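my_file-v5.cif follows; it contains mmCIF, C-alpha atoms.
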data_upload
#
loop_
_atom_site.label_atom_id
_atom_site.label_comp_id
_atom_site.auth_asym_id
_atom_site.auth_seq_id
_atom_site.Cartn_x
_atom_site.Cartn_y
_atom_site.Cartn_z
CA ASN M 1 17.60 183.64 317.37
CA ALA M 2 17.74 184.91 320.92
CA GLY M 3 14.58 182.92 321.73
CA VAL M 4 12.65 184.23 324.74
CA THR M 5 14.33 187.03 326.68
CA GLN M 6 13.35 188.60 329.98
CA THR M 7 14.50 191.69 331.82
CA PRO M 8 15.47 192.37 334.50
CA LYS M 9 17.06 189.19 335.92
CA PHE M 10 16.69 190.39 339.49
CA GLN M 11 14.55 193.09 341.08
CA VAL M 12 13.88 194.27 344.62
CA LEU M 13 10.78 196.39 345.25
CA LYS M 14 9.21 197.98 348.26
CA THR M 15 5.57 197.29 349.07
CA GLY M 16 3.32 199.53 347.01
CA GLN M 17 5.79 200.18 344.21
CA SER M 18 4.90 199.38 340.63
CA MET M 19 7.05 197.94 337.89
CA THR M 20 6.99 196.16 334.56
CA LEU M 21 8.68 192.86 333.78
CA GLN M 22 9.69 192.69 330.15
CA CYS M 23 9.40 189.66 327.89
CA ALA M 24 10.24 189.41 324.22
CA GLN M 25 10.53 186.60 321.67
CA ASP M 26 11.94 186.60 318.17
CA MET M 27 10.43 183.34 316.94
CA ASN M 28 7.16 184.88 315.70
CA HIS M 29 5.20 182.72 318.14
CA GLU M 30 1.52 183.47 318.47
CA TYR M 31 1.13 182.32 322.07
CA MET M 32 2.83 183.93 325.05
CA SER M 33 2.30 183.48 328.75
CA TRP M 34 3.49 184.50 332.19
CA TYR M 35 4.02 182.05 335.06
CA ARG M 36 5.13 182.46 338.62
CA GLN M 37 7.14 179.77 340.38
CA ASP M 38 7.01 179.35 344.13
CA PRO M 39 8.64 176.57 346.15
CA GLY M 40 6.54 173.40 346.17
CA MET M 41 3.86 174.86 343.88
CA GLY M 42 5.13 174.27 340.39
CA LEU M 43 4.42 176.85 337.70
CA ARG M 44 1.18 178.77 337.94
CA LEU M 45 -0.24 180.67 334.98
CA ILE M 46 -0.80 184.39 335.58
CA HIS M 47 -1.91 185.72 332.17
CA TYR M 48 -1.62 184.54 328.61
CA SER M 49 -2.09 185.79 325.06
CA VAL M 50 -2.97 183.94 321.87
CA GLY M 51 -2.04 186.85 319.63
CA ALA M 52 -1.47 190.59 319.42
CA GLY M 53 -4.35 192.45 321.03
CA ILE M 54 -5.71 189.34 322.80
CA THR M 55 -5.05 188.53 326.45
CA ASP M 56 -6.78 186.44 329.09
CA GLN M 57 -6.42 185.54 332.73
CA GLY M 58 -4.77 182.44 334.03
CA GLU M 59 -4.91 180.80 337.43
CA VAL M 60 -3.48 183.65 339.54
CA PRO M 61 -4.12 187.00 337.77
CA ASN M 62 -4.86 189.29 340.72
CA GLY M 63 -2.39 192.13 341.11
CA TYR M 64 -1.01 191.80 337.58
CA ASN M 65 -1.84 193.40 334.24
CA VAL M 66 -0.68 192.51 330.74
CA SER M 67 -0.97 193.86 327.23
CA ARG M 68 0.09 192.52 323.83
CA SER M 69 0.50 195.30 321.32
CA THR M 70 2.96 193.37 319.15
CA THR M 71 3.66 189.70 318.44
CA GLU M 72 7.13 190.01 319.96
CA ASP M 73 6.47 191.66 323.33
CA PHE M 74 4.38 190.68 326.33
CA PRO M 75 5.08 192.86 329.39
CA LEU M 76 3.76 192.02 332.86
CA ARG M 77 2.85 194.94 335.12
CA LEU M 78 2.71 194.83 338.88
CA LEU M 79 0.39 197.64 339.89
CA SER M 80 1.14 197.84 343.62
CA ALA M 81 3.68 195.27 344.72
CA ALA M 82 2.97 193.11 347.77
CA PRO M 83 5.26 190.67 349.64
CA SER M 84 3.04 187.83 348.37
CA GLN M 85 4.31 188.61 344.87
CA THR M 86 7.85 187.63 345.81
CA SER M 87 8.55 184.87 343.34
CA VAL M 88 10.41 183.84 340.22
CA TYR M 89 8.57 184.90 337.07
CA PHE M 90 8.89 183.05 333.77
CA CYS M 91 7.66 184.12 330.38
CA ALA M 92 7.03 181.47 327.73
CA SER M 93 6.13 181.42 324.06
CA GLU M 94 4.68 178.79 321.75
CA GLN M 95 3.93 178.43 318.09
CA ALA M 96 0.22 177.77 317.58
CA GLY M 97 -0.47 174.12 316.81
CA VAL M 98 2.99 172.88 317.83
CA ASP M 99 2.46 172.54 321.63
CA THR M 100 6.07 173.07 322.74
CA GLN M 101 6.50 176.02 325.12
CA TYR M 102 9.84 177.78 325.31
CA PHE M 103 10.68 179.53 328.54
CA GLY M 104 12.68 182.67 329.15
CA PRO M 105 15.50 182.77 331.75
CA GLY M 106 13.24 184.17 334.49
CA THR M 107 13.09 187.23 336.73
CA ARG M 108 13.63 186.84 340.45
CA LEU M 109 11.47 189.42 342.23
CA THR M 110 11.63 190.26 345.92
CA VAL M 111 9.06 192.56 347.49
CA LEU M 112 10.00 193.95 350.89
CA GLY Z 1 -10.14 173.27 335.48
CA GLU Z 2 -7.38 170.71 335.14
CA ASN Z 3 -5.67 169.50 338.32
CA VAL Z 4 -2.31 167.75 338.04
CA GLU Z 5 -0.80 165.92 341.00
CA GLN Z 6 2.82 164.76 340.98
CA HIS Z 7 4.58 162.20 343.16
CA PRO Z 8 6.99 161.88 344.80
CA SER Z 9 8.07 165.40 345.71
CA THR Z 10 11.66 164.24 346.24
CA LEU Z 11 13.52 161.23 344.89
CA SER Z 12 17.05 160.08 345.65
CA VAL Z 13 18.57 157.34 343.52
CA GLN Z 14 21.96 155.69 343.19
CA GLU Z 15 23.82 156.45 339.99
CA GLY Z 16 22.93 153.82 337.43
CA ASP Z 17 19.56 153.01 338.94
CA SER Z 18 16.19 154.00 337.45
CA ALA Z 19 13.94 156.86 338.53
CA VAL Z 20 10.17 156.98 338.08
CA ILE Z 21 7.91 159.99 338.59
CA LYS Z 22 4.15 159.69 338.37
CA CYS Z 23 1.49 162.30 337.62
CA THR Z 24 -2.28 162.08 337.68
CA TYR Z 25 -4.69 164.46 335.96
CA SER Z 26 -8.35 165.19 336.41
CA ASP Z 27 -9.65 166.36 333.01
CA SER Z 28 -10.47 163.42 330.74
CA ALA Z 29 -10.28 165.81 327.77
CA SER Z 30 -6.53 166.37 328.30
CA ASN Z 31 -4.56 165.30 325.26
CA TYR Z 32 -1.02 166.67 325.65
CA PHE Z 33 1.41 165.77 328.44
CA PRO Z 34 4.89 167.34 328.49
CA TRP Z 35 7.72 166.86 330.97
CA TYR Z 36 10.11 169.68 331.83
CA LYS Z 37 13.50 169.55 333.51
CA GLN Z 38 14.72 172.52 335.52
CA GLU Z 39 18.29 172.71 336.77
CA LEU Z 40 19.08 174.96 339.71
CA GLY Z 41 18.72 178.62 338.76
CA LYS Z 42 17.79 177.82 335.16
CA ARG Z 43 14.66 177.89 333.07
CA PRO Z 44 12.40 174.83 332.58
CA GLN Z 45 13.24 172.92 329.42
CA LEU Z 46 11.11 170.38 327.63
CA ILE Z 47 12.66 166.89 327.72
CA ILE Z 48 9.86 164.73 326.35
CA ASP Z 49 6.15 164.89 325.66
CA ILE Z 50 3.35 162.52 324.73
CA ARG Z 51 -0.05 162.91 323.16
CA SER Z 52 -3.18 161.01 324.06
CA ASN Z 53 -3.13 158.86 320.92
CA VAL Z 54 0.17 157.27 322.02
CA GLY Z 55 0.75 154.98 325.00
CA GLU Z 56 4.53 155.23 325.29
CA LYS Z 57 7.38 157.30 323.92
CA LYS Z 58 11.13 156.86 324.35
CA ASP Z 59 14.13 159.09 323.80
CA GLN Z 60 17.41 157.43 324.75
CA ARG Z 61 17.35 156.99 328.56
CA ILE Z 62 14.03 158.78 329.01
CA ALA Z 63 10.57 157.34 328.46
CA VAL Z 64 7.03 158.47 329.18
CA THR Z 65 3.99 156.22 329.53
CA LEU Z 66 0.36 157.27 329.47
CA ASN Z 67 -2.66 155.43 330.90
CA LYS Z 68 -5.75 157.32 329.73
CA THR Z 69 -8.16 155.04 331.55
CA ALA Z 70 -6.52 155.68 334.91
CA LYS Z 71 -5.63 159.27 333.96
CA HIS Z 72 -2.00 159.04 334.87
CA PHE Z 73 1.32 159.35 333.08
CA SER Z 74 4.84 158.62 334.22
CA LEU Z 75 8.42 159.61 333.46
CA HIS Z 76 11.04 156.89 333.51
CA ILE Z 77 14.77 157.66 333.57
CA THR Z 78 17.07 154.67 333.20
CA GLU Z 79 20.79 154.42 334.00
CA THR Z 80 20.67 157.67 335.93
CA GLN Z 81 23.69 159.96 335.86
CA PRO Z 82 24.68 162.91 338.10
CA GLU Z 83 23.57 165.34 335.40
CA ASP Z 84 20.03 164.00 335.75
CA SER Z 85 19.85 165.74 339.16
CA ALA Z 86 17.22 168.48 338.74
CA VAL Z 87 13.58 169.33 339.37
CA TYR Z 88 11.16 167.64 336.98
CA PHE Z 89 7.68 168.98 336.24
CA CYS Z 90 4.83 167.23 334.51
CA ALA Z 91 2.01 169.15 332.84
CA ALA Z 92 -1.27 168.53 331.05
CA ARG Z 93 -3.31 170.40 328.49
CA SER Z 94 -7.01 169.85 327.74
CA VAL Z 95 -8.70 170.23 324.37
CA LEU Z 96 -11.34 172.20 326.26
CA ASN Z 97 -8.68 174.69 327.38
CA ASP Z 98 -6.73 175.03 324.18
CA TYR Z 99 -3.69 176.89 325.41
CA LYS Z 100 -3.35 176.57 329.15
CA LEU Z 101 -0.84 174.13 330.59
CA SER Z 102 -1.47 172.92 334.15
CA PHE Z 103 1.73 171.92 335.96
CA GLY Z 104 2.42 169.48 338.75
CA ALA Z 105 4.27 170.71 341.85
CA GLY Z 106 7.57 169.18 340.78
CA THR Z 107 9.90 166.36 341.83
CA THR Z 108 13.43 167.05 343.03
CA VAL Z 109 15.64 164.22 341.78
CA THR Z 110 19.05 163.68 343.33
CA VAL Z 111 21.41 161.15 341.78
CA ARG Z 112 24.00 159.89 344.29
CA ALA Z 113 27.42 159.09 342.91
#

Show me, as structure tokens, the structure contained in the file I just sent.
Amino acid sequence: NAGVTQTPKFQVLKTGQSMTLQCAQDMNHEYMSWYRQDPGMGLRLIHYSVGAGITDQGEVPNGYNVSRSTTEDFPLRLLSAAPSQTSVYFCASEQAGVDTQYFGPGTRLTVL
Amino acid sequence: GENVEQHPSTLSVQEGDSAVIKCTYSDSASNYFPWYKQELGKRPQLIIDIRSNVGEKKDQRIAVTLNKTAKHFSLHITETQPEDSAVYFCAARSVLNDYKLSFGAGTTVTVRA
């Protein structure tokens, strides 16, 4: 199993550009989520999904969209990038009823 | 929603000494409390967790204690080694918020040789 994978590892955007961060898992986990990590602020939940076709907002959803068309994939879309979205983004997955979240390797995003 | 506070933000210990990190939570319905370790440039990885029906759990040099009355839980690392140097995050999950994990701000632990 590859576990949770994320692409790209690094990305530089200009203000106003859009892009999609990819996340995939091969463990057949029902739950998937996106976090952003900023210095001194821990991990903050952006969006999450409890199954294909079901998504909901987390703590900091503004400026981001998600969709979950399959169990395996959970892409995060930045509609119009802003410098405030400079961060490290982690995707995580979890098997329902087990509690343990597995994190992907992260994407470091810089918005100029 | 749940609010998790973590202290201290930085901790420096001599190799072989113990390290203790404390977290408090606000939602009395929280029932799951994991601890994650994140090495520089790496992903967070679960090191130990505890559920609300248990007061203490140990795994080799790592232990977690939970005080439901006071709404706080702590991570204890004994006989610290250089490889314990990392950022540690606590988190809490409420039964009223079935999936969402709320994280503390993190503690940077440095083990001095």

Using the chain letters and numbering of this document, enumerate as number ranges by chain the residues selected by the PyMOL selection byres ((chain M and resi 28) around 8).
M: 25-27, 29-30, 71-72, 95

Selection file, C-alpha atoms, as a compact mmCIF listing (two decimals), keeping the file's coordinate frame:
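Below is the file selection-v5.txt, written as the result:
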# COMPACT_ATOMS: atom_id res chain seq x y z
CA GLN M 25 10.53 186.60 321.67
CA ASP M 26 11.94 186.60 318.17
CA MET M 27 10.43 183.34 316.94
CA HIS M 29 5.20 182.72 318.14
CA GLU M 30 1.52 183.47 318.47
CA THR M 71 3.66 189.70 318.44
CA GLU M 72 7.13 190.01 319.96
CA GLN M 95 3.93 178.43 318.09

Can you list, as a list in words, the residues that the PyMOL selection byres ((chain M and resi 35) around 10) selects here?
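So the PyMOL selection byres ((chain M and resi 35) around 10) ends up selecting Ser33, Trp34, Arg36, Gln37, Asp38, Gly42, Leu43, Arg44, Leu45, Ile46, His47, Tyr48, Gly58, Glu59, Val60, Pro61, Ser87, Val88, Tyr89, Phe90, Cys91, Ala92, Phe103 and Gly106 of chain M.
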
Running the PyMOL selection byres ((chain Z) within 7 of (chain M)) on this model by hand, what would come out? Give it as a PyMOL selection string.
chain Z and resi 42-44+103-106

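Separating CA of Asn97 in chain Z from CA of Asp27 in chain Z is a distance of 10.1 Å.
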
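Here CA of Thr107 in chain M and CA of Asp49 in chain Z stand 25.9 Å from one another.
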
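You will find CA of Phe33 in chain Z at 12.1 Å from CA of Glu2 in chain Z.
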
For Met19 in chain M, work out the shell of residues within 10 Å, counting only C-alpha atoms and skipping chain neighbours fewer than 6 positions away, then give it as a ChimeraX atom specification.
/M:11,13,76-81

Around (10.2, 166.1, 327.9) in the file's own coordinates, what residues are found within 10 Å if you use all atoms listed in the file, given back as a ChimeraX atom specification?
/M:100 /Z:33-37,45-50,58-59,62-64,75,88-90
